[in-house]
Structures are given as C-alpha cells and as structure tokens.
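A.B. asks: Okay, here's the structure, questions in a sec.
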Amino acid sequence: MVDIQNTPDTREIPLEKVGVKSLRYPVQVLDKVNGSQRTTAVVDLFVNLPHNFKGTHMSRFVEIFNRNSQNLGRKQFLSMLEEIRTSLDAQKAFGTMRFPFFITKKAPVTGEEGMMSYDCQYEGEVSETSQHFLLKIEVPVTTLCPCSKAISERGAHNQRGIVTVTLENTSLFWMEDVIEVVEKSASCGLYSVLKRPDEKFVTEHAYDNPRFVEDVVREVYLALEHFEGAEKPFTWFSVECENFESIHNHNAYSMTSKITSL
C-alpha cells in the first residue's frame with residue numbers, strides 16, 4: 001500500500017514536535033508499599049520531524065507505549081522514549097504522562113483508612129547524546145495564616161493549598177517519601193476520612209503550625225535539600241505553593257527553585 005508519510009516534502013520547514021496528544025491509557029507505576037499500582041494516564045508523545053519528511057508514523061507511538069506501559073518509572077519511561085526515537089529515525093523524542101497516584105492514608109487518631117489521590121506527571125526528553133526526566137507531584141495541604149492567628153482573639157483563617165514539586169534526579173526515590181515531606185512542611189496534611197477525634201486533631205495541629213505560602217515553600221525547599229529518600233541529591237528541583245484563600249477573592253502564591261551539585 002502507498003505510504004504517503006514517507007514521501008518527500010519540498011517546503012523545507014522542520015517541525016519541532018509531531019506525534020500524539022491526550023492518549024488515555026491504563027498504566028502501572030511503581031509503588032513503595034505494593035511494588036506497583038494500576039492507574040490511568042493521559043499521555044503525549046512526540047518526535048522532531050526534519051524538513052524533508054512529510055509526516056511520521058502515528059501508530060508507532062501507541063504501539064511502543066503499549067509495550068512499555070507496565071512498571072513505568074524513570075528508567076522505563078526514558079527507555080520507551082529512546083525506542084520511539086530510534087524507531088522513527090528522529091533526533092529527539094519527547095513525552096509527558098499525567099496520572100493520579102493513590103496512597104492509603106490513616107486518620108491521625110482513629111486510624112480509619114481512606115485513599116488519597118495526588119496528581120503526578122512524568123516529563124522526558126531523549127536525544128542521541130542526552131536524556132532528561134522530570135517528575136512533578138501536586139500535594140494538597142492545609143495552611144493556617146500566621147498573621148490571622150496573631151491578630152485574632154478567636155481562631156484564624158485557614159484554607160487548602162496545593163504544593164507542586166518538580167524534581168530531577170538520577171537515582172531511585174519514592175513519590176510517597178516526597179509527599180510525606182511536603183505534608184510535614186505545611187500546617188497540616190489532608191485526609192479522605194476523618195472522624196470527630198481526627199478533625200479535632202487536624203484543626204488544632206494546623207493552629208499550632210501556622211504557615212504563609214512563603215513558609216511552606218521554604219520548608220519544602222529545606223526538606224528536599226536534605227532529602228534522605230534517594231541515593232543522590234536532586235540535581236534540580238522547584239517548589240510552588242498556591243493557597244486558595246478563604247477570606248480573599250484571590251489566591252496567594254510563592255515559588256523557588258535550586259540547582260544542586262551531584
């Protein structure tokens with residue numbers, strides 16, 4: 001059969017990225033407690049296209065991803081992108097994979113179990129000479145305003161926030177460990193199941209640990225700088241915190257990043 005994609009193109013315009021977007025797919029990712037867990041991902045996969053090629057083979061992206069959709073960690077994800085790159089005779093391959101990651105979390109007093117969901121993303125790029133991989137984790141937290149506590153005779157306003165951590169590393173670490181240090185850096189973590197004794201605990205714990213968005217970012221920064229859950233320190237990381245303010249018609253935001261030595 002005629003393969004139009006393999007015919008020459010005379011417009012001399014190279015394309016930086018071509019491929020498939022928003023591929024919804026069942027995957028299996030690494031899990032510290034159970035070894036692995038099944039979830040559903042939304043995947044984007046691309047290669048660059050030289051000016052003399054009319055198109056790429058879209059089906060190969062899905063075929064290769066299908067073969068590599070189990071036990072997907074950093075090493076497997078980059079290996080999958082390299083297979084895409086070589087299969088399509090490209091100079092570079094790119095990929096992102098967004099998925100919810102689930103952790104069974106016990107309420108702090110009663111021990112009642114519930115599932116917490118954390119939005120995560122892999123982002124990778126490979127070429128003949130280099131490989132790059134980033135992991136992004138969004139952790140919902142509670143923050144209580146230090147200023148409100150200091151000036152109020154009764155209570156202090158609090159709100160949910162999202163801490164977004166983006167990490168680059170060359171050794172194994174567990175997402176669960178990163179989530180834990182983020183939650184400890186906020187006024188309090190969140191839970192899916194809380195009985196009245198648990199609610200009392202988290203309310204008072206947040207009150208005893210007031211945090212601005214600036215405080216949260218700095219505390220997470222320090223925790224990542226001294227992170228003990230990886231063989232090597234993170235080669236790069238960024239930390240963002242966005243609070244969905246309960247008494248303002250806007251959100252509060254803070255962010256920083258760091259390059260660390262190997």
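In the structure tokens, chains take letters A, B, ... by order of appearance, with residues numbered from 1 within each chain and ligands from 1 in the order shown.
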Determine, counting only C-alpha atoms, which protein, DNA and RNA residues have an atom within 12 Å of an atom of Arg98 (chain A); residues of the same chain fewer than 4 positions away are not included. Present the result as a PyMOL selection string.
C.D. replies: chain A and resi 21-27+29+39-45+118-124+134-138
A.B. asks: For the alpha helix (DSSP H) assignment from backbone DSSP, which residues of region 79-253 of chain A qualify? Please present them as an MDAnalysis selection string.
C.D. replies: chainID A and resid 79:87 146:151 175:185 196:208 213:225
A.B. asks: Can you tell me which residues surround Ser148 (chain A) at a distance of at most 12 Å, considering only C-alpha atoms, apart from same-chain residues fewer than 2 positions away, and format the answer as a short mmCIF file (atom, residue, chain, number, x, y, z; two decimals) with C-alpha atoms, in the first residue's frame?
C.D. replies:
```
data_model
loop_
_atom_site.label_atom_id
_atom_site.label_comp_id
_atom_site.auth_asym_id
_atom_site.auth_seq_id
_atom_site.Cartn_x
_atom_site.Cartn_y
_atom_site.Cartn_z
CA THR A 143 -2.35 26.19 55.68
CA LEU A 144 -3.29 28.45 58.56
CA CYS A 145 -2.43 32.15 58.35
CA PRO A 146 0.16 33.28 60.94
CA ALA A 150 -1.53 36.78 65.72
CA ILE A 151 -4.21 39.47 65.48
CA SER A 152 -7.38 37.48 66.21
CA GLU A 153 -8.79 36.73 69.65
CA ARG A 154 -10.77 33.75 68.37
CA GLY A 155 -9.38 31.40 65.74
CA ALA A 156 -7.53 32.10 62.50
CA HIS A 157 -8.46 31.68 58.86
CA ASN A 158 -7.18 28.61 57.09
CA TYR A 207 -3.46 26.09 64.56
CA PRO A 210 0.72 28.44 61.05
CA ARG A 211 2.30 28.84 57.61
CA PHE A 212 2.33 31.52 54.93
CA SER A 246 -10.74 31.67 52.30
CA ILE A 247 -11.13 35.41 53.09
#
```
A.B. asks: For Thr203 (chain A), which residue among A:Thr164, A:Gln131, A:Thr142, A:Asn169 is the nearest when counting only C-alpha atoms?
C.D. replies: A:Thr142
A.B. asks: Env of Ile64 (chain A): 9 Å cut, atoms = only C-alpha atoms, seq-sep filter 2 positions within chain, self excluded. Answer as a PyMOL selection string.
C.D. replies: chain A and resi 59-62+66-69+80-81+83-84
